[in-house]
file run_35.cif (mmCIF, C-alpha atoms)
data_data
loop_
_atom_site.label_atom_id
_atom_site.label_comp_id
_atom_site.auth_asym_id
_atom_site.auth_seq_id
_atom_site.Cartn_x
_atom_site.Cartn_y
_atom_site.Cartn_z
CA MET R 1 -44.58 -11.06 -17.71
CA ARG R 2 -42.08 -11.34 -14.84
CA PHE R 3 -38.33 -11.73 -15.30
CA PHE R 4 -35.15 -12.04 -13.23
CA ASN R 5 -33.71 -8.64 -12.34
CA VAL R 6 -30.15 -7.93 -11.20
CA ALA R 7 -30.00 -4.24 -12.14
CA GLY R 8 -31.53 -2.64 -9.07
CA PRO R 9 -34.44 -2.85 -6.65
CA CYS R 10 -36.94 -5.61 -7.45
CA ASN R 11 -40.69 -5.68 -7.10
CA PRO R 12 -42.84 -8.82 -7.10
CA GLN R 13 -45.15 -7.54 -9.87
CA ASP R 14 -42.31 -7.37 -12.41
CA HIS R 15 -39.60 -9.66 -11.08
CA TYR R 16 -39.14 -13.21 -9.86
CA MET R 17 -38.00 -12.97 -6.26
CA LEU R 18 -38.11 -14.48 -2.80
CA PRO R 19 -39.67 -12.42 0.00
CA ALA R 20 -37.27 -9.50 0.34
CA THR R 21 -37.32 -9.13 4.12
CA THR R 22 -36.64 -12.79 5.00
CA ARG R 23 -32.92 -12.23 5.58
CA LEU R 24 -33.60 -9.10 7.63
CA ALA R 25 -35.98 -11.08 9.86
CA GLU R 26 -33.32 -13.75 10.30
CA ASN R 27 -31.00 -11.03 11.60
CA HIS R 28 -33.64 -9.66 13.99
CA VAL R 29 -33.83 -6.23 12.36
CA ASP R 30 -37.40 -5.84 13.67
CA ARG R 31 -36.08 -6.27 17.23
CA LEU R 32 -33.34 -3.70 16.62
CA ILE R 33 -35.98 -1.22 15.46
CA ARG R 34 -38.24 -1.88 18.46
CA HIS R 35 -35.25 -1.37 20.76
CA GLN R 36 -34.51 2.01 19.15
CA SER R 37 -31.14 0.85 17.87
CA TYR R 38 -28.73 2.41 15.41
CA PHE R 39 -27.15 -0.43 13.42
CA VAL R 40 -25.28 -1.42 10.26
CA ILE R 41 -26.47 -3.60 7.36
CA HIS R 42 -23.79 -4.58 4.86
CA ALA R 43 -23.57 -7.11 2.05
CA PRO R 44 -22.10 -7.34 -1.47
CA ARG R 45 -23.82 -5.83 -4.50
CA GLN R 46 -26.89 -7.47 -6.03
CA VAL R 47 -27.93 -9.50 -3.01
CA GLY R 48 -31.10 -7.48 -2.42
CA LYS R 49 -30.21 -4.92 0.26
CA THR R 50 -32.09 -2.03 -1.33
CA THR R 51 -35.08 -4.19 -2.26
CA ALA R 52 -35.30 -5.56 1.29
CA ILE R 53 -34.90 -2.15 2.92
CA LEU R 54 -37.57 -0.55 0.71
CA ASP R 55 -39.93 -3.43 1.49
CA LEU R 56 -39.21 -3.18 5.21
CA ALA R 57 -39.87 0.59 5.16
CA ARG R 58 -43.23 -0.09 3.43
CA GLN R 59 -44.11 -2.70 6.07
CA LEU R 60 -43.19 -0.34 8.91
CA ASN R 61 -45.34 2.42 7.41
CA ALA R 62 -48.24 -0.01 6.85
CA SER R 63 -48.08 -1.06 10.51
CA GLY R 64 -49.17 2.44 11.49
CA ASP R 65 -46.60 2.57 14.31
CA TYR R 66 -43.76 4.35 12.50
CA VAL R 67 -42.84 6.70 9.69
CA ALA R 68 -40.05 4.93 7.78
CA ALA R 69 -37.99 5.90 4.75
CA MET R 70 -34.91 4.74 2.90
CA VAL R 71 -32.62 7.52 1.73
CA SER R 72 -29.24 7.49 0.00
CA VAL R 73 -26.08 9.50 0.55
CA GLU R 74 -24.38 8.37 -2.66
CA VAL R 75 -24.68 11.77 -4.40
CA GLY R 76 -22.57 13.29 -1.63
CA ALA R 77 -19.57 11.27 -2.84
CA ALA R 78 -19.14 13.76 -5.69
CA PHE R 79 -17.94 16.35 -3.13
CA PRO R 80 -15.24 14.49 -1.15
CA ASN R 81 -13.59 17.66 0.19
CA ASN R 82 -16.62 19.91 0.67
CA ILE R 83 -18.87 18.88 3.57
CA GLU R 84 -21.53 21.55 2.99
CA ALA R 85 -21.82 20.85 -0.75
CA ALA R 86 -22.04 17.11 -0.05
CA GLU R 87 -24.77 17.65 2.55
CA LYS R 88 -26.79 19.89 0.23
CA ALA R 89 -26.56 17.32 -2.58
CA VAL R 90 -27.62 14.57 -0.16
CA LEU R 91 -30.58 16.61 1.12
CA SER R 92 -31.73 17.25 -2.46
CA GLY R 93 -31.65 13.51 -3.09
CA TRP R 94 -33.47 12.81 0.18
CA GLN R 95 -36.22 15.17 -0.88
CA GLN R 96 -36.92 13.00 -3.91
CA ASP R 97 -36.58 9.74 -1.95
CA ILE R 98 -38.95 10.84 0.80
CA ARG R 99 -41.54 12.31 -1.58
CA PHE R 100 -41.57 9.03 -3.50
CA GLN R 101 -42.07 6.87 -0.39
CA LEU R 102 -44.33 8.81 1.96
CA PRO R 103 -47.72 10.52 1.85
CA THR R 104 -47.83 14.32 1.93
CA ALA R 105 -48.87 14.37 5.60
CA TYR R 106 -45.45 12.99 6.61
CA LEU R 107 -43.26 15.19 4.41
CA PRO R 108 -40.92 17.65 6.15
CA SER R 109 -42.00 21.29 6.12
CA GLU R 110 -38.39 22.40 5.48
CA TRP R 111 -35.99 20.51 3.23
CA VAL R 112 -32.75 22.46 3.80
CA PRO R 113 -32.37 23.79 7.34
CA ASN R 114 -30.66 27.05 8.13
CA ALA R 115 -27.48 25.56 9.56
CA PRO R 116 -23.77 25.61 8.77
CA GLY R 117 -22.02 22.84 6.87
CA GLY R 118 -21.42 19.85 9.08
CA GLN R 119 -24.84 20.25 10.74
CA LEU R 120 -27.32 20.21 7.84
CA LEU R 121 -28.22 16.51 7.91
CA GLY R 122 -28.51 16.34 11.69
CA ASN R 123 -30.68 19.45 11.83
CA PHE R 124 -32.90 18.13 9.05
CA LEU R 125 -33.45 14.80 10.82
CA SER R 126 -34.10 16.53 14.13
CA GLU R 127 -36.65 19.01 12.76
CA TRP R 128 -38.43 16.35 10.71
CA SER R 129 -38.65 14.02 13.73
CA LEU R 130 -40.18 16.79 15.82
CA GLU R 131 -42.89 17.40 13.20
CA LEU R 132 -43.99 13.77 12.89
CA PRO R 133 -46.83 12.25 14.92
CA LYS R 134 -45.01 8.87 15.04
CA PRO R 135 -41.41 7.78 15.60
CA LEU R 136 -39.14 8.08 12.57
CA VAL R 137 -37.10 5.11 11.25
CA VAL R 138 -34.44 5.94 8.65
CA PHE R 139 -32.37 3.61 6.47
CA ILE R 140 -29.34 5.43 5.01
CA ASP R 141 -28.20 3.55 1.90
CA GLU R 142 -24.76 3.73 0.22
CA ILE R 143 -23.11 5.06 3.39
CA ASP R 144 -19.76 3.67 2.27
CA ALA R 145 -19.83 5.87 -0.85
CA LEU R 146 -18.81 8.75 1.43
CA GLN R 147 -15.18 9.17 2.44
CA ASP R 148 -12.88 11.04 4.77
CA ASP R 149 -14.19 14.27 6.29
CA VAL R 150 -17.64 14.02 4.69
CA LEU R 151 -18.22 10.53 6.12
CA ILE R 152 -16.92 11.58 9.53
CA ALA R 153 -19.17 14.67 9.50
CA VAL R 154 -22.24 12.55 8.74
CA LEU R 155 -21.42 9.98 11.43
CA ARG R 156 -20.77 12.66 14.03
CA GLN R 157 -24.15 14.29 13.30
CA LEU R 158 -25.88 10.94 13.78
CA ARG R 159 -24.02 10.37 17.01
CA GLU R 160 -24.86 13.86 18.27
CA GLY R 161 -28.58 13.40 17.61
CA TYR R 162 -28.75 9.87 19.04
CA TYR R 163 -29.58 10.96 22.59
CA ARG R 164 -32.56 13.02 21.34
CA ARG R 165 -34.34 10.00 19.91
CA PRO R 166 -37.23 9.17 19.56
CA GLN R 167 -38.88 12.60 19.93
CA ALA R 168 -36.30 14.82 18.22
CA PHE R 169 -34.23 12.39 16.12
CA PRO R 170 -34.91 9.10 14.31
CA MET R 171 -35.97 6.42 16.77
CA ALA R 172 -34.02 3.78 14.85
CA LEU R 173 -31.49 4.17 12.06
CA ALA R 174 -29.54 1.79 9.85
CA LEU R 175 -26.41 2.51 7.84
CA VAL R 176 -26.55 0.34 4.72
CA GLY R 177 -23.68 -0.37 2.36
CA LEU R 178 -21.29 -2.82 0.74
CA ARG R 179 -18.86 -2.76 3.64
CA ASP R 180 -19.22 -2.43 7.37
CA VAL R 181 -18.57 1.26 7.89
CA ARG R 182 -17.43 0.52 11.47
CA ASN R 183 -14.33 -1.24 10.13
CA TYR R 184 -13.06 1.58 7.96
CA LYS R 185 -9.59 2.95 8.56
CA ILE R 186 -9.70 6.66 7.78
CA LYS R 187 -7.21 9.37 8.63
CA SER R 188 -8.69 11.45 11.39
CA GLY R 189 -6.22 13.65 13.17
CA GLY R 190 -3.45 11.17 12.48
CA ARG R 191 -5.35 8.25 14.03
CA PRO R 192 -6.32 5.15 11.99
CA HIS R 193 -10.00 5.29 13.05
CA PHE R 194 -13.00 7.60 12.90
CA GLY R 195 -12.64 9.15 16.32
CA THR R 196 -16.39 8.63 16.78
CA ALA R 197 -18.54 5.83 18.14
#
call {"tool": "encode", "arguments": {"input": "run_35.cif", "output": "structure tokens"}}
result
Amino acid sequence: MRFFNVAGPCNPQDHYMLPATTRLAENHVDRLIRHQSYFVIHAPRQVGKTTAILDLARQLNASGDYVAAMVSVEVGAAFPNNIEAAEKAVLSGWQQDIRFQLPTAYLPSEWVPNAPGGQLLGNFLSEWSLELPKPLVVFIDEIDALQDDVLIAVLRQLREGYYRRPQAFPMALALVGLRDVRNYKIKSGGRPHFGTA
């Protein structure tokens, strides 16, 4: 028996819901992916972001053209002043997320790369992309849970890998959260912005 759910991701077998990806289609997310874009998706809580992103990742995988996964960085928020600890916590969470969403053939061969703090996530995405037979599409949920140096470190790694796409970095990538991470004002060397594109 189906019911209305407001406590987390919905699925049509258990919950009453409209098609989850309708709003993403209205915003041309499919075009952004085809154009190998890195973009931001933001909206308030309980509007269906996670449900829509999970459904979109399933559709992209079913198309046979991409390997797509939604991962979260929320667990990294517990380590606001320790970039390496935050990255290791995030990678542990990603391991569970990716195993849940993808078949064994698409799982990374190495979950925690041999790299210093501040490079772990970028190295992981690069190595995984190189192993895959199809372009990788990644949706990074809860990006705005990260703060200060940890957030800047993650964004800089994504920027550094951008030019290597689609062969050695995700072809398309979305940062998903409550707020538009591009508008944050964070102390970075005394400047009121990230210091990164």
call {"tool": "atom_distance", "arguments": {"input": "run_35.cif", "atom1": "CA of Glu131 in chain R", "atom2": "CA of Gln95 in chain R"}}
result
15.7 Å
call {"tool": "atom_distance", "arguments": {"input": "run_35.cif", "atom1": "CA of Phe39 in chain R", "atom2": "CA of Ser126 in chain R"}}
result
18.3 Å
call {"tool": "atom_distance", "arguments": {"input": "run_35.cif", "atom1": "CA of Lys88 in chain R", "atom2": "CA of Val154 in chain R"}}
result
12.1 Å
call {"tool": "residues_around", "arguments": {"input": "run_35.cif", "residues": "Lys134 in chain R", "least_positions_apart": "6", "cutoff": "8 Å", "atoms": "only C-alpha atoms", "output": "number ranges by chain"}}
result
R: 65-67
call {"tool": "write_last_selection", "arguments": {"input": "run_35.cif", "atoms": "C-alpha atoms", "output": "compact mmCIF listing (two decimals), keeping the file's coordinate frame"}}
result
# COMPACT_ATOMS: atom_id res chain seq x y z
CA ASP R 65 -46.60 2.57 14.31
CA TYR R 66 -43.76 4.35 12.50
CA VAL R 67 -42.84 6.70 9.69
call {"tool": "residues_near_point", "arguments": {"input": "run_35.cif", "point": "(-29.5, 8.6, -0.1)", "cutoff": "8 Å", "atoms": "only C-alpha atoms", "output": "list in words"}}
result
Met70, Val71, Ser72, Val73, Glu74, Val75, Val90, Gly93, Trp94, Asp97, Ile140, Asp141 and Glu142 of chain R
call {"tool": "residues_around", "arguments": {"input": "run_35.cif", "residues": "range 164-173 of chain R", "least_positions_apart": "5", "cutoff": "12 Å", "atoms": "all atoms listed in the file", "output": "ChimeraX atom specification"}}
result
/R:29-41,53,57,60,65-71,121-141,155,157-159
call {"tool": "closest_residue", "arguments": {"input": "run_35.cif", "among": "R:Arg179, R:Gln13, R:Thr50, R:Thr104", "to": "Leu146 in chain R", "atoms": "only C-alpha atoms"}}
result
R:Arg179
call {"tool": "closest_residue", "arguments": {"input": "run_35.cif", "among": "R:Gln119, R:Ala105, R:Val150, R:Ala145", "to": "Asn82 in chain R", "atoms": "only C-alpha atoms"}}
result
R:Val150
call {"tool": "build_atoms", "arguments": {"input": "run_35.cif", "residues": "range 114-125 of chain R", "atoms": "N, CA and C atoms", "output": "PDB file, keeping the file's coordinate frame"}}
result
ATOM      1  N   ASN R 114     -31.595  25.944   8.028  1.00  0.00           N
ATOM      2  CA  ASN R 114     -30.660  27.050   8.130  1.00  0.00           C
ATOM      3  C   ASN R 114     -29.600  26.666   9.161  1.00  0.00           C
ATOM      4  N   ALA R 115     -28.543  26.043   8.680  1.00  0.00           N
ATOM      5  CA  ALA R 115     -27.480  25.560   9.560  1.00  0.00           C
ATOM      6  C   ALA R 115     -26.168  25.571   8.778  1.00  0.00           C
ATOM      7  N   PRO R 116     -25.059  25.642   9.469  1.00  0.00           N
ATOM      8  CA  PRO R 116     -23.770  25.610   8.770  1.00  0.00           C
ATOM      9  C   PRO R 116     -23.443  24.199   8.271  1.00  0.00           C
ATOM     10  N   GLY R 117     -22.496  24.135   7.335  1.00  0.00           N
ATOM     11  CA  GLY R 117     -22.020  22.840   6.870  1.00  0.00           C
ATOM     12  C   GLY R 117     -21.528  22.013   8.037  1.00  0.00           C
ATOM     13  N   GLY R 118     -21.777  20.732   7.982  1.00  0.00           N
ATOM     14  CA  GLY R 118     -21.420  19.850   9.080  1.00  0.00           C
ATOM     15  C   GLY R 118     -22.549  19.672  10.075  1.00  0.00           C
ATOM     16  N   GLN R 119     -23.675  20.388   9.857  1.00  0.00           N
ATOM     17  CA  GLN R 119     -24.840  20.250  10.740  1.00  0.00           C
ATOM     18  C   GLN R 119     -26.146  20.131   9.958  1.00  0.00           C
ATOM     19  N   LEU R 120     -26.094  20.196   8.646  1.00  0.00           N
ATOM     20  CA  LEU R 120     -27.320  20.210   7.840  1.00  0.00           C
ATOM     21  C   LEU R 120     -28.131  18.926   7.972  1.00  0.00           C
ATOM     22  N   LEU R 121     -27.484  17.777   7.865  1.00  0.00           N
ATOM     23  CA  LEU R 121     -28.220  16.510   7.910  1.00  0.00           C
ATOM     24  C   LEU R 121     -28.807  16.265   9.302  1.00  0.00           C
ATOM     25  N   GLY R 122     -28.023  16.520  10.325  1.00  0.00           N
ATOM     26  CA  GLY R 122     -28.510  16.340  11.690  1.00  0.00           C
ATOM     27  C   GLY R 122     -29.681  17.250  12.002  1.00  0.00           C
ATOM     28  N   ASN R 123     -29.579  18.518  11.600  1.00  0.00           N
ATOM     29  CA  ASN R 123     -30.680  19.450  11.830  1.00  0.00           C
ATOM     30  C   ASN R 123     -31.930  19.040  11.073  1.00  0.00           C
ATOM     31  N   PHE R 124     -31.750  18.590   9.837  1.00  0.00           N
ATOM     32  CA  PHE R 124     -32.900  18.130   9.050  1.00  0.00           C
ATOM     33  C   PHE R 124     -33.604  16.974   9.750  1.00  0.00           C
ATOM     34  N   LEU R 125     -32.847  15.966  10.162  1.00  0.00           N
ATOM     35  CA  LEU R 125     -33.450  14.800  10.820  1.00  0.00           C
ATOM     36  C   LEU R 125     -34.123  15.180  12.133  1.00  0.00           C
TER      37      LEU R 125
END
